[in-house]
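Below is one structure; the comments refer to it alone.
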Amino acid sequence: MWKWIPKEELVHIIPLVQLLNPELSFDVLKERLEEMTGRGYECLGYYSEGKLLGACGVWTLTKFYAGRHLEIDNVIVDPSLRGSGIGEELLLRIEQIAKERECIGIELNCYVHNAKAHKFWFRHGYEIKGFHFIRSVS
């Protein structure tokens with residue numbers, strides 16, 4: 001079941017987030033998470049028998065091109081549970097939240113190299129709107 005993770009328990013998502021970002025240390029991710037929570041970041045977790053097995057970051061944002069929307073990020077399910085319907089359950093929950101918050105859409109970023117995730121998002125009606133560019137300044 002997907003449910004909101006209390007702010008004081010968000011640190012538990014870091015091992016899952018490291019599956020998507022293996023180059024980042026626990027400490028770096030923890031520091032970034034603390035900053036994100038101060039800027040409106042929320043997270044849904046998938047629990048089974050009390051164990052956190054999935055996570056999905058959630059932001060409510062407004063942008064010129066997208067209007068008020070729910071942005072989801074770091075969507076991750078324990079690899080042993082992929083294909084079991086957990087992702088579909090998450091999408092229903094995300095759509096419900098978007099409607100409750102009067103959003104007109106849902107947006108996400110997906111790593112270019114993550115072909116399995118691309119297939120999942122396309123299968124559920126998501127389409128590519130543009131490219132997300134990033135440049136380091138340090």
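Naming works like this for the structure tokens: A, B, ... for the chains as they're shown, residue 1 at the start of each chain, ligands 1 onward in shown order.
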
- Got a sec: who's within 12 Å of Trp4 (chain A), counting only C-alpha atoms, leaving out chain neighbours fewer than 3 positions off, as a PyMOL selection string? chain A and resi 1+7-10+13+41-47+52+54-58+90+93-94+97

- Item | strand (DSSP E or B) call set, DSSP backbone run, chain A, as a PyMOL selection string | chain A and resi 2-4+42-48+51-63+67-77+105-108

- Task: Kindly indicate which residue among A:Thr60, A:Asn109, A:Gln18, A:Asn114 lies nearest to Ile128 (chain A), using only C-alpha atoms for the distances.
- Result: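 Answer, going by the shortest atom-to-atom distance: A:Asn109.
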
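If only C-alpha atoms are the atoms counted, then among A:Glu100, A:Glu34, A:Glu107, A:Glu95 the closest residue to Thr62 (chain A) is A:Glu107.
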
- Figure out the distance between CA of Gly67 (chain A) and CA of Gly105 (chain A), please, to one decimal in Å. 7.9 Å
